[in-house]
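File shown: input.txt. Contents: compact mmCIF, C-alpha atoms.
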# COMPACT_ATOMS: atom_id res chain seq x y z
CA LEU A 39 0.00 0.00 0.00
CA SER A 40 1.48 3.32 -0.91
CA PRO A 41 2.42 5.82 1.74
CA ARG A 42 0.92 9.26 1.58
CA TRP A 43 4.03 10.96 0.40
CA ALA A 44 5.63 11.80 -2.89
CA MET A 45 7.90 9.28 -4.43
CA PRO A 46 11.35 10.09 -3.08
CA PRO A 47 13.30 12.48 -5.24
CA ARG A 48 15.86 10.77 -7.37
CA GLY A 49 19.47 11.00 -6.41
CA SER A 50 21.98 12.99 -8.34
CA TRP A 51 22.21 11.49 -11.77
CA GLY A 52 25.65 12.81 -12.45
CA PRO A 53 26.96 12.34 -15.95
CA VAL A 54 24.05 10.12 -17.09
CA PRO A 55 23.01 10.52 -20.70
CA PRO A 56 19.55 12.17 -20.90
CA LEU A 57 18.08 9.25 -22.85
CA LEU A 58 18.91 6.81 -20.10
CA LEU A 59 17.36 9.22 -17.64
CA LEU A 60 14.15 9.31 -19.66
CA TRP A 61 13.98 5.53 -19.85
CA ALA A 62 14.63 5.24 -16.14
CA LEU A 63 11.85 7.73 -15.41
CA ALA A 64 9.36 5.92 -17.63
CA ALA A 65 10.21 2.48 -16.32
CA CYS A 66 10.08 3.26 -12.63
CA ALA A 67 7.28 5.84 -12.77
CA ALA A 68 5.56 5.05 -9.53
CA ARG A 69 2.26 6.77 -8.91
CA ALA A 70 -0.15 6.32 -6.09
CA SER A 71 -3.56 7.88 -5.92
CA GLU A 72 -5.65 7.60 -2.84
CA ILE A 73 -9.04 9.22 -2.67
CA THR A 74 -11.84 9.17 -0.12
CA PHE A 75 -15.17 10.03 -1.68
CA GLU A 76 -18.85 9.73 -0.99
CA LEU A 77 -20.88 7.32 -3.06
CA PRO A 78 -24.59 8.21 -2.97
CA ASP A 79 -27.23 5.48 -2.97
CA ASN A 80 -27.88 3.83 -6.34
CA ALA A 81 -24.75 5.41 -7.73
CA LYS A 82 -21.70 4.09 -9.45
CA GLN A 83 -18.37 5.86 -9.69
CA CYS A 84 -15.63 4.83 -12.08
CA PHE A 85 -11.99 5.79 -12.21
CA TYR A 86 -9.60 5.35 -15.10
CA GLU A 87 -5.85 5.14 -15.31
CA GLU A 88 -3.39 4.68 -18.15
CA ILE A 89 -0.94 1.95 -17.36
CA ALA A 90 2.07 0.70 -19.29
CA GLN A 91 2.51 -2.99 -19.94
CA GLY A 92 4.32 -4.97 -17.30
CA THR A 93 3.67 -2.55 -14.45
CA LYS A 94 2.73 -4.10 -11.18
CA CYS A 95 -0.33 -2.37 -9.73
CA THR A 96 -2.28 -2.67 -6.50
CA LEU A 97 -5.83 -1.58 -5.83
CA GLU A 98 -6.97 -1.47 -2.24
CA PHE A 99 -10.30 -0.16 -1.01
CA GLN A 100 -12.27 0.11 2.19
CA VAL A 101 -15.73 1.34 3.06
CA ILE A 102 -15.62 3.78 5.96
CA THR A 103 -19.20 4.80 6.68
CA GLY A 104 -22.69 3.88 5.60
CA GLY A 105 -25.19 1.06 5.91
CA HIS A 106 -23.57 -2.35 6.11
CA TYR A 107 -20.19 -0.88 5.16
CA ASP A 108 -19.99 -2.77 1.88
CA VAL A 109 -19.67 -1.88 -1.78
CA ASP A 110 -19.35 -3.63 -5.17
CA CYS A 111 -16.03 -3.27 -6.92
CA ARG A 112 -14.99 -4.15 -10.45
CA LEU A 113 -11.68 -3.76 -12.28
CA GLU A 114 -11.44 -4.06 -16.06
CA ASP A 115 -8.52 -3.98 -18.45
CA PRO A 116 -8.50 -1.95 -21.73
CA ASP A 117 -10.17 -4.83 -23.59
CA GLY A 118 -13.04 -4.93 -21.14
CA ILE A 119 -11.96 -8.20 -19.57
CA VAL A 120 -12.90 -8.21 -15.91
CA LEU A 121 -9.81 -8.72 -13.80
CA TYR A 122 -11.48 -8.37 -10.43
CA LYS A 123 -15.10 -8.40 -9.45
CA GLU A 124 -16.52 -8.62 -5.95
CA MET A 125 -19.96 -7.82 -4.60
CA LYS A 126 -20.66 -6.33 -1.20
CA LYS A 127 -17.13 -6.29 0.09
CA GLN A 128 -16.02 -4.21 3.06
CA TYR A 129 -12.34 -4.24 2.38
CA ASP A 130 -10.07 -5.83 -0.18
CA SER A 131 -6.67 -5.59 -1.78
CA PHE A 132 -5.91 -6.73 -5.32
CA THR A 133 -2.53 -6.87 -7.04
CA PHE A 134 -2.08 -7.43 -10.74
CA THR A 135 0.46 -6.92 -13.48
CA ALA A 136 -0.70 -4.99 -16.51
CA SER A 137 -0.72 -7.38 -19.43
CA ARG A 138 -1.00 -4.63 -22.02
CA ASN A 139 -0.83 -0.89 -22.46
CA GLY A 140 -4.02 1.04 -22.15
CA THR A 141 -6.62 2.54 -19.91
CA TYR A 142 -7.66 0.40 -16.99
CA LYS A 143 -10.96 1.13 -15.35
CA PHE A 144 -12.25 0.35 -11.87
CA CYS A 145 -15.71 1.09 -10.57
CA PHE A 146 -17.40 1.19 -7.19
CA SER A 147 -21.10 0.61 -7.15
CA ASN A 148 -23.68 1.30 -4.46
CA GLU A 149 -26.58 0.37 -6.71
CA PHE A 150 -27.85 -2.33 -4.38
CA SER A 151 -28.52 0.18 -1.63
CA THR A 152 -31.75 2.15 -1.53
CA PHE A 153 -30.98 4.94 0.85
CA THR A 154 -27.54 4.75 2.43
CA HIS A 155 -24.60 6.77 1.18
CA LYS A 156 -21.27 5.12 1.54
CA THR A 157 -17.91 6.75 2.06
CA VAL A 158 -15.30 4.76 0.17
CA TYR A 159 -11.53 5.01 0.38
CA PHE A 160 -9.34 3.53 -2.29
CA ASP A 161 -5.64 3.50 -3.00
CA PHE A 162 -4.39 2.65 -6.45
CA GLN A 163 -0.67 2.21 -6.70
CA VAL A 164 0.98 1.93 -10.10
CA GLY A 165 4.52 0.70 -10.30
CA GLU A 166 7.15 0.28 -7.64
CA ASP A 167 8.88 3.10 -5.86
CA PRO A 168 12.23 3.98 -7.39
CA PRO A 169 15.27 3.26 -5.23
CA LEU A 170 16.48 6.08 -3.00
CA PHE A 171 20.02 5.88 -4.21
CA PRO A 172 19.86 4.65 -7.78
CA SER A 173 22.66 2.44 -8.87
CA GLU A 174 23.04 3.67 -12.44
CA ASN A 175 26.08 5.84 -11.90
CA ARG A 176 27.51 4.19 -8.87
CA VAL A 177 30.95 2.73 -8.63
CA THR A 178 30.92 1.60 -5.02
CA ALA A 179 28.31 -0.07 -2.88
CA LEU A 180 26.02 2.01 -0.67
CA THR A 181 27.75 3.60 2.29
CA GLN A 182 26.51 2.91 5.78
CA MET A 183 24.70 6.23 5.88
CA GLU A 184 22.94 5.49 2.66
CA SER A 185 21.90 2.00 3.63
CA ALA A 186 20.69 3.35 6.97
CA CYS A 187 18.61 5.89 5.03
CA VAL A 188 17.18 3.18 2.85
CA SER A 189 16.16 1.00 5.79
CA ILE A 190 14.64 3.96 7.64
CA HIS A 191 12.74 4.84 4.49
CA GLU A 192 11.36 1.31 4.19
CA ALA A 193 10.42 1.24 7.86
CA LEU A 194 8.66 4.60 7.60
CA LYS A 195 6.78 3.43 4.54
CA SER A 196 5.36 0.52 6.47
CA VAL A 197 4.62 2.77 9.48
CA ILE A 198 2.60 5.07 7.27
CA ASP A 199 0.96 2.05 5.68
CA TYR A 200 -0.17 0.69 9.05
CA GLN A 201 -1.20 4.13 10.17
CA THR A 202 -3.49 4.50 7.19
CA HIS A 203 -5.04 1.11 7.80
CA PHE A 204 -5.55 1.90 11.46
CA ARG A 205 -7.05 5.30 10.70
CA LEU A 206 -9.59 3.72 8.35
CA ARG A 207 -10.55 0.99 10.78
CA GLU A 208 -10.91 3.50 13.59
CA ALA A 209 -13.10 5.71 11.39
CA GLN A 210 -15.27 2.73 10.57
CA GLY A 211 -15.54 1.69 14.23
CA ARG A 212 -16.38 5.20 15.31
CA SER A 213 -19.03 5.50 12.62
CA ARG A 214 -20.67 2.29 13.87
CA ALA A 215 -20.51 3.50 17.47
CA GLU A 216 -22.19 6.78 16.59
CA ASP A 217 -24.90 4.96 14.63
CA LEU A 218 -25.48 2.67 17.61
CA ASN A 219 -25.70 5.61 19.99
CA THR A 220 -28.32 7.39 17.88
CA ARG A 221 -30.32 4.22 17.41
CA VAL A 222 -30.29 3.40 21.14
CA ALA A 223 -31.46 6.91 22.00
CA TYR A 224 -34.33 6.96 19.50
CA TRP A 225 -35.52 3.44 20.19
CA SER A 226 -35.50 3.98 23.94
CA ILE A 227 -37.55 7.15 23.71
CA GLY A 228 -39.88 5.48 21.24
CA GLU A 229 -40.36 2.44 23.45
CA ALA A 230 -41.04 4.53 26.55
CA ILE A 231 -43.71 6.51 24.69
CA ILE A 232 -45.30 3.38 23.26
CA LEU A 233 -45.31 1.82 26.72
CA LEU A 234 -47.11 4.80 28.26
CA VAL A 235 -49.60 5.14 25.43
CA VAL A 236 -50.48 1.45 25.36
CA SER A 237 -50.87 1.06 29.13
CA ILE A 238 -53.01 4.16 29.58
CA GLY A 239 -55.01 3.21 26.51
CA GLN A 240 -55.65 -0.28 27.89
CA VAL A 241 -57.13 1.06 31.09
CA PHE A 242 -59.46 3.47 29.35
CA LEU A 243 -60.51 0.86 26.83
CA LEU A 244 -61.35 -1.57 29.63
CA LYS A 245 -63.28 1.11 31.46
CA SER A 246 -65.23 1.90 28.32
CA PHE A 247 -66.34 -1.76 27.97
CA PHE A 248 -67.86 -1.75 31.44
CA SER A 249 -69.39 1.69 31.04
CA ASP A 250 -71.42 0.57 28.01
CA LYS A 251 -72.65 -2.56 29.79
CA ARG A 252 -73.66 -0.43 32.76
CA THR A 253 -75.93 1.82 30.71
CA THR A 254 -77.60 -1.15 28.97
CA THR A 255 -78.29 -2.87 32.33
CA THR A 256 -79.81 0.31 33.74
CA ARG A 257 -82.00 0.68 30.66
CA VAL A 258 -83.19 -2.91 30.99
CA GLY A 259 -83.78 -2.38 34.72
CA SER A 260 -86.04 0.70 34.34
CA LEU B 184 -1.59 13.34 -14.07
CA ALA B 185 -2.76 9.83 -14.02
CA LEU B 186 -6.10 9.03 -12.44
CA TYR B 187 -9.23 10.49 -14.01
CA PHE B 188 -13.00 10.22 -13.76
CA HIS B 189 -16.06 11.62 -15.50
CA VAL B 190 -18.65 14.07 -14.23
CA GLY B 191 -21.60 15.91 -15.69
CA GLU B 192 -21.05 19.48 -16.85
CA ARG B 193 -22.56 21.23 -13.87
CA GLU B 194 -22.08 18.45 -11.37
CA GLU B 195 -20.10 19.06 -8.23
CA LYS B 196 -17.74 16.33 -7.18
CA CYS B 197 -16.23 16.24 -3.73
CA ILE B 198 -13.50 14.24 -2.10
CA ILE B 199 -12.82 13.94 1.58
CA GLU B 200 -9.44 14.27 3.22
CA ASP B 201 -9.21 13.35 6.88
CA ILE B 202 -6.01 15.04 8.02
CA PRO B 203 -4.32 16.33 11.16
CA SER B 204 -3.74 20.06 11.70
CA ASP B 205 -0.82 21.93 10.13
CA THR B 206 -0.73 19.60 7.17
CA LEU B 207 -0.05 20.85 3.68
CA VAL B 208 -2.21 19.42 0.93
CA VAL B 209 -1.32 20.02 -2.71
CA GLY B 210 -3.62 19.11 -5.57
CA ASN B 211 -3.08 19.01 -9.31
CA TYR B 212 -5.94 18.70 -11.70
CA LYS B 213 -6.73 18.92 -15.36
CA VAL B 214 -10.18 19.08 -16.88
CA GLN B 215 -11.26 18.21 -20.41
CA ARG B 216 -14.59 18.61 -22.11
CA TRP B 217 -16.28 16.01 -24.28
CA ASP B 218 -16.57 16.98 -27.93
CA ILE B 219 -19.77 15.61 -29.46
CA HIS B 220 -18.51 15.93 -33.01
CA LYS B 221 -15.14 14.33 -32.53
CA HIS B 222 -16.48 11.79 -30.05
CA ASP B 223 -13.48 12.40 -27.89
CA PHE B 224 -12.28 14.76 -25.26
CA HIS B 225 -10.77 18.09 -26.27
CA GLU B 226 -7.08 18.24 -25.62
CA SER B 227 -7.57 21.60 -24.02
CA ALA B 228 -10.70 23.68 -23.60
CA PRO B 229 -9.97 27.39 -23.31
CA GLY B 230 -12.54 29.24 -21.26
CA LEU B 231 -13.34 26.17 -19.23
CA GLY B 232 -12.54 26.69 -15.60
CA MET B 233 -12.93 24.89 -12.35
CA PHE B 234 -14.17 26.18 -9.01
CA VAL B 235 -12.17 24.56 -6.27
CA THR B 236 -13.67 24.87 -2.80
CA VAL B 237 -12.06 23.53 0.34
CA THR B 238 -14.18 23.34 3.50
CA SER B 239 -12.64 22.74 6.91
CA PRO B 240 -14.24 20.44 9.51
CA SER B 241 -15.83 23.42 11.25
CA GLY B 242 -17.61 24.44 8.05
CA GLU B 243 -15.28 27.35 7.35
CA VAL B 244 -14.22 27.74 3.75
CA LEU B 245 -10.44 27.63 3.46
CA LEU B 246 -10.14 28.03 -0.25
CA SER B 247 -12.60 29.03 -2.94
CA LYS B 248 -11.08 30.00 -6.23
CA LEU B 249 -11.68 29.70 -9.91
CA TYR B 250 -8.82 28.09 -11.78
CA GLY B 251 -8.31 27.43 -15.45
CA PRO B 252 -8.63 24.09 -17.21
CA GLN B 253 -5.42 22.99 -15.59
CA GLY B 254 -4.16 24.03 -12.22
CA THR B 255 -2.54 23.44 -8.89
CA PHE B 256 -4.07 24.37 -5.59
CA SER B 257 -2.83 23.96 -2.06
CA PHE B 258 -3.95 24.64 1.46
CA THR B 259 -2.75 24.04 5.00
CA SER B 260 -5.16 22.66 7.53
CA TYR B 261 -5.63 24.61 10.78
CA LEU B 262 -7.92 22.13 12.44
CA SER B 263 -7.68 18.38 12.32
CA GLY B 264 -10.58 16.60 10.76
CA GLU B 265 -12.41 15.96 7.55
CA HIS B 266 -11.68 18.55 4.94
CA ILE B 267 -13.87 18.46 1.86
CA ILE B 268 -12.40 19.43 -1.49
CA CYS B 269 -15.07 20.15 -4.10
CA PHE B 270 -14.75 20.65 -7.83
CA GLN B 271 -17.34 22.30 -9.99
CA SER B 272 -16.86 23.57 -13.49
CA ASN B 273 -17.83 27.11 -14.42
CA SER B 274 -19.56 25.90 -17.53
CA THR B 275 -22.78 27.83 -18.11
CA ARG B 276 -24.19 25.27 -20.50
CA PHE B 277 -26.98 23.14 -19.17
CA ALA B 278 -26.09 19.49 -19.30
CA VAL B 279 -29.17 18.67 -21.33
CA THR B 280 -27.23 17.83 -24.45
CA ALA B 281 -26.74 14.12 -24.41
CA GLY B 282 -23.28 12.84 -23.75
CA SER B 283 -22.02 16.10 -22.41
CA LYS B 284 -19.51 15.39 -19.72
CA LEU B 285 -16.17 16.40 -18.32
CA ARG B 286 -13.08 14.39 -17.63
CA ILE B 287 -11.21 15.43 -14.51
CA HIS B 288 -7.63 14.25 -13.93
CA LEU B 289 -6.70 14.45 -10.28
CA ASP B 290 -3.64 14.05 -8.12
CA ILE B 291 -3.72 14.97 -4.45
CA ARG B 292 -0.75 14.73 -2.16
CA VAL B 293 -0.97 15.13 1.58
CA GLY B 294 1.61 16.15 4.14
CA GLU B 295 4.51 16.31 1.77
CA HIS B 296 7.63 18.22 1.75
CA PHE B 297 8.51 19.19 -1.73
CA PHE B 298 12.03 19.47 -2.88
CA ASP B 299 13.39 21.40 -5.76
CA GLU B 300 15.17 18.95 -7.96
CA SER B 301 18.07 21.38 -7.96
CA ASP B 302 18.49 20.83 -4.23
CA ILE B 303 19.06 17.20 -4.93
CA GLN B 304 21.79 17.84 -7.44
CA ALA B 305 24.12 17.68 -4.49
CA LYS B 306 27.68 18.60 -4.91
CA ASP B 307 28.85 15.77 -2.77
CA LYS B 308 27.59 12.69 -1.06
CA VAL B 309 27.34 14.27 2.37
CA ASN B 310 24.92 16.91 1.15
CA GLU B 311 22.81 14.32 -0.60
CA VAL B 312 22.51 12.17 2.48
CA ASN B 313 21.83 15.33 4.48
CA THR B 314 18.93 16.22 2.25
CA ARG B 315 17.53 12.72 2.41
CA LEU B 316 17.75 12.78 6.19
CA GLU B 317 15.91 16.08 6.32
CA HIS B 318 13.22 14.60 4.14
CA LEU B 319 12.96 11.60 6.45
CA ILE B 320 12.73 13.84 9.51
CA GLU B 321 9.86 15.73 7.88
CA GLN B 322 8.09 12.46 7.22
CA ILE B 323 8.53 11.42 10.83
CA HIS B 324 6.97 14.71 11.95
CA HIS B 325 4.04 13.95 9.72
CA VAL B 326 3.69 10.48 11.26
CA ALA B 327 3.79 12.04 14.75
CA ARG B 328 1.09 14.57 13.84
CA GLU B 329 -1.10 11.81 12.50
CA GLN B 330 -0.65 9.89 15.72
CA ASP B 331 -1.69 12.89 17.82
CA TYR B 332 -4.76 13.25 15.66
CA GLU B 333 -5.47 9.56 16.05
CA ARG B 334 -5.35 10.00 19.81
CA GLU B 335 -8.01 12.73 19.60
CA ARG B 336 -10.24 10.57 17.48
CA GLU B 337 -9.87 7.53 19.69
CA GLU B 338 -10.92 9.65 22.65
CA LYS B 339 -14.04 10.77 20.80
CA PHE B 340 -14.76 7.16 19.88
CA ARG B 341 -14.38 6.05 23.47
CA LYS B 342 -16.68 8.84 24.69
CA THR B 343 -19.34 7.80 22.18
CA SER B 344 -19.11 4.16 23.25
CA GLU B 345 -19.31 5.04 26.93
CA GLU B 346 -22.26 7.32 26.27
CA THR B 347 -24.05 4.51 24.46
CA ASN B 348 -23.30 2.19 27.34
CA SER B 349 -24.70 4.56 29.96
CA ASN B 350 -27.65 5.41 27.71
CA ILE B 351 -28.64 1.78 27.50
CA LEU B 352 -28.36 1.33 31.27
CA TRP B 353 -30.25 4.55 32.06
CA TRP B 354 -33.06 3.86 29.64
CA ALA B 355 -33.45 0.28 30.82
CA ILE B 356 -33.89 1.52 34.39
CA VAL B 357 -36.33 4.25 33.32
CA GLN B 358 -38.39 1.81 31.29
CA THR B 359 -38.54 -0.69 34.14
CA LEU B 360 -39.70 2.06 36.51
CA ILE B 361 -42.33 3.19 34.00
CA LEU B 362 -43.46 -0.39 33.61
CA ILE B 363 -43.80 -0.96 37.36
CA SER B 364 -45.50 2.35 38.08
CA ILE B 365 -47.89 2.00 35.14
CA GLY B 366 -48.70 -1.54 36.28
CA ILE B 367 -49.52 -0.33 39.78
CA TRP B 368 -51.56 2.58 38.42
CA GLN B 369 -53.50 0.24 36.12
CA ILE B 370 -54.44 -2.15 38.88
CA LYS B 371 -55.40 0.64 41.27
CA SER B 372 -57.39 2.47 38.68
CA LEU B 373 -59.33 -0.61 37.60
CA ARG B 374 -59.93 -1.71 41.18
CA ASP B 375 -61.32 1.71 42.09
CA PHE B 376 -63.41 1.67 38.94
CA PHE B 377 -64.94 -1.72 39.65
CA ILE B 378 -65.63 -0.81 43.30
CA ALA B 379 -67.31 2.36 42.11
CA LYS B 380 -69.42 0.40 39.66
CA LYS B 381 -70.34 -2.06 42.43
CA LEU B 382 -69.04 -5.03 40.42
CA VAL B 383 -66.67 -6.16 43.16

With the file now loaded, output its structure as C-alpha cells.
Amino acid sequence: LSPRWAMPPRGSWGPVPPLLLLWALAACAARASEITFELPDNAKQCFYEEIAQGTKCTLEFQVITGGHYDVDCRLEDPDGIVLYKEMKKQYDSFTFTASRNGTYKFCFSNEFSTFTHKTVYFDFQVGEDPPLFPSENRVTALTQMESACVSIHEALKSVIDYQTHFRLREAQGRSRAEDLNTRVAYWSIGEAIILLVVSIGQVFLLKSFFSDKRTTTTRVGS
Amino acid sequence: LALYFHVGEREEKCIIEDIPSDTLVVGNYKVQRWDIHKHDFHESAPGLGMFVTVTSPSGEVLLSKLYGPQGTFSFTSYLSGEHIICFQSNSTRFAVTAGSKLRIHLDIRVGEHFFDESDIQAKDKVNEVNTRLEHLIEQIHHVAREQDYEREREEKFRKTSEETNSNILWWAIVQTLILISIGIWQIKSLRDFFIAKKLV
C-alpha cells in the first residue's frame, strides 16, 4: 500500500546521458492515488488510469461509513476483460500486473442500496517506488549512511501504511458507534412513549367496555 | 496526471481528506470537455474553468477560487478533521445535451515536503545524504502529527461508546420504573373503577 508521500526524489544522476534518464523515469514511474469520496445510494463511480505494460499495480479499497459498510467493486482492463469483481465487500486488496498498455478502469457501485450513502476510500498504486540511491552511476556499494537511510525509508513506509489502515478501521468503528448511539437513544424514547400510550389506553378501553354494559343494564332495569 | 474520472457538466464532485492540523495538501488537476462531433475529449478547452472549494471540519471555507482548465491548488489545515475538497466547473451550458460530460484528472498529495530537484543535485555525497535525512525527519513529523490526531479521534470514539453504554443502562432503568408504576396505576385504577361500579 502506498504511503501518503511523494515518491522520493531521485538521487543525483551525475553524468548520465539524458536518454537513459528518460527511460529510467518511464520504467520506474511510480504513482499512487488515494481518494476518499462519498458514493450516494444507487450510484456508481468509475476511475480510469493509463498503465504501461508490465507494471505491477495494486488496488486497495475500504468502506468507511454507511449502511452495512460494503460496496461492489470491479476492475477491467482496456479490452473490457474483468480482472477483479466482488460484490458487497467491506475491504479488499488486489494486485495485478498490466498485461497490455491502455486505460484500466475500476468502478465502485452502491446500486444495491436504496438509501444509504457510503464513504469509500481507495488507493491505487501503479509501479514500484524507485530506489532512494539509484545504482546507475555508482561505482561503489552504498555507504553505511545510505543504507541506513534506505532502511529507515522502508520502515517509515510501512509505518505510514499501518497508520493509514488503522485510521480507516478506527473511522469505521467510530461511525458504527455513533450509529449505535443514535439508534439506542431513538428506540429507547420510542419504546417509553409506546409503553405509556399502550398502558393508559388499555385502562381506558377496559373502562369503556364496562361503562357501556352499565348503561344497557340500567336501561333494561327501568 | 494519471487518475481520471467523468462528471456531468454542472455536477459538483467532492472528495474527503481526513487530516491532522498543520498539514499541507497540494492538488493538481486537469479538466477536459467532451466533444460531441469528434467523439473524444478536447485536448484543451480554453474558457473552461474549475471552481475549487475547500471546506474545513468546522464548516469554514479555506479556499474558494476559480482556476483554469489545468491548475494546482494547495492549502494548509488549521484544524484536524475531515476537509472536503469540491470541484465544480464554471460551464454555463446546461447538461441537457446528451453525452455532455467532463473528464477530470486528479492528483492529491498530503503532508509532503517538496524538494526542488536542484536541491538534490548535491555537490557531494554528504549533502545528498543530508537532504535525504531532512526529508525523512519531515516524514517522521508527519507520522507524529497523525498519531496525535489519532489519539483525539480515539478519545471521541471512546466517549461515544461510553455514552451509548450509559444510555442503555439509564433507559433500561427508566423503562422498568415506568413499567412498574404503570402496572400499579392500572391495577389501582381498575380496582377503584370496579368498586365504584359495584361489580366487586

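Remark: for chain B, the closest of the candidate residues A:Leu121, A:Ala193, A:Ala70, A:Phe75 is A:Phe75 (distances computed over only C-alpha atoms).
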
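By chain and then residue number, the residues within 6 Å of stretch 104-115 of chain A are Leu121, Tyr122, Lys123, Glu124, Met125, Lys126, Lys127, Gln128, Tyr142, Lys143, Phe144, Cys145, Phe146, Ser147, Asn148, Thr154, His155 and Lys156 of chain A, counting only C-alpha atoms and disregarding those fewer than 6 positions away in sequence.
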
Q | 12 Å contact set for A:Leu244, only C-alpha atoms, chain neighbours under 4 positions out, as a PyMOL selection string | A | (chain A and resi 237-240+248-251) or (chain B and resi 369-370+372-374+376-377)

Sorted by chain and rising residue number, which residues of stretch 99-204 of chain A lie within 10 Å of stretch 324-345 of chain B, and what are their closest atom pairs and distances in Å to one decimal, counting all atoms listed in the file, as JSON lines?
{"residue": "A:Leu194", "atom": "CA", "partner": "B:Val326", "partner_atom": "CA", "distance": 8.5}
{"residue": "A:Val197", "atom": "CA", "partner": "B:Val326", "partner_atom": "CA", "distance": 8.0}
{"residue": "A:Ile198", "atom": "CA", "partner": "B:Val326", "partner_atom": "CA", "distance": 6.8}
{"residue": "A:Gln201", "atom": "CA", "partner": "B:Gln330", "partner_atom": "CA", "distance": 8.0}
{"residue": "A:Thr202", "atom": "CA", "partner": "B:Glu329", "partner_atom": "CA", "distance": 9.3}
{"residue": "A:Phe204", "atom": "CA", "partner": "B:Glu333", "partner_atom": "CA", "distance": 8.9}

Could you write those residues out with C-alpha atoms, as a short mmCIF file (atom, residue, chain, number, x, y, z; two decimals), keeping the file's coordinate frame?
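And here is the file that came out, out-v9.cif:
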data_model
loop_
_atom_site.label_atom_id
_atom_site.label_comp_id
_atom_site.auth_asym_id
_atom_site.auth_seq_id
_atom_site.Cartn_x
_atom_site.Cartn_y
_atom_site.Cartn_z
CA LEU A 194 8.66 4.60 7.60
CA VAL A 197 4.62 2.77 9.48
CA ILE A 198 2.60 5.07 7.27
CA GLN A 201 -1.20 4.13 10.17
CA THR A 202 -3.49 4.50 7.19
CA PHE A 204 -5.55 1.90 11.46
#

Q. With all atoms listed in the file as the atoms that count, which of A:Gln100, A:Ser151, A:Arg212, A:Leu243 lies nearest to chain B?
A. A:Arg212

Q: Take atom CA of A:Gly140 and atom CA of A:Tyr86 and report the distance between them in Å, one decimal.
A: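 Value for the atom CA of A:Gly140-atom CA of A:Tyr86 distance: 10.0 Å.
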
Q. Atom CA of B:Gln322 and atom CA of A:Glu184, how far apart in Å?
A. 17.0 Å

Q: List every protein, DNA or RNA residue with an atom no more than 6 Å from (-7.8, 6.0, -6.3) in the file's coordinates, counting only C-alpha atoms, and format the result as a VMD selection string.
A: chain A and resid 71 to 73 160 to 162

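Shortest atom-to-atom contact with chain A among B:Ala379, B:His288, B:Gln358, B:Trp368: B:Gln358, counting only C-alpha atoms.
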
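You can rank B:Leu362, B:Ile198, B:Leu186, B:Leu262 by their closest distance to A:Val235 using all atoms listed in the file, and at the top of that list sits B:Leu362.
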
(Q) To one decimal place in Å, what is the distance between atom CA of A:Thr103 and atom CA of B:Ser247? (A)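 Separation between atom CA of A:Thr103 and atom CA of B:Ser247: 26.9 Å.
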
To box stretch 80-92 of chain A, take all atoms listed in the file, fit an axis-aligned box, add 3 Å on each side, and give centre and edge lengths in Å to one decimal, as JSON.
{"center_x": -11.8, "center_y": 0.4, "center_z": -13.1, "size_x": 38.2, "size_y": 16.8, "size_z": 19.6}

Q) Using only C-alpha atoms, which residues sit within 12 Å of B:Asp223 once same-chain residues fewer than 5 positions away are excluded, as a list in words? A) Gln215, Arg216, Trp217, Asp218, Gly282, Ser283, Lys284, Leu285 and Arg286 of chain B

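Nearest residue to A:Thr96 among A:Glu229, A:Asp79, A:Glu166, A:Asp117 is A:Glu166, counting all atoms listed in the file.
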
Q: Would you kindly return, as JSON, numbers by chain, each protein, DNA or RNA residue with an atom no farther than 8 Å from any atom of A:Ser213, considering only C-alpha atoms and excluding same-chain residues fewer than 4 positions away?
A: {"A": [102, 103, 209, 217]}

**Q.** From A:Phe99, A:Tyr129, A:Phe150, A:Tyr159, residue lying nearest chain B [all atoms listed in the file]
**A.** A:Tyr159

Q.
List as an MDAnalysis selection string the protein and nucleic acid residues near B:Ile199, meaning an atom at most 8 Å away when all atoms listed in the file are counted, but skip any in the same chain fewer than 5 places from it.
A. (chainID A and resid 73:76) or (chainID B and resid 265:268)
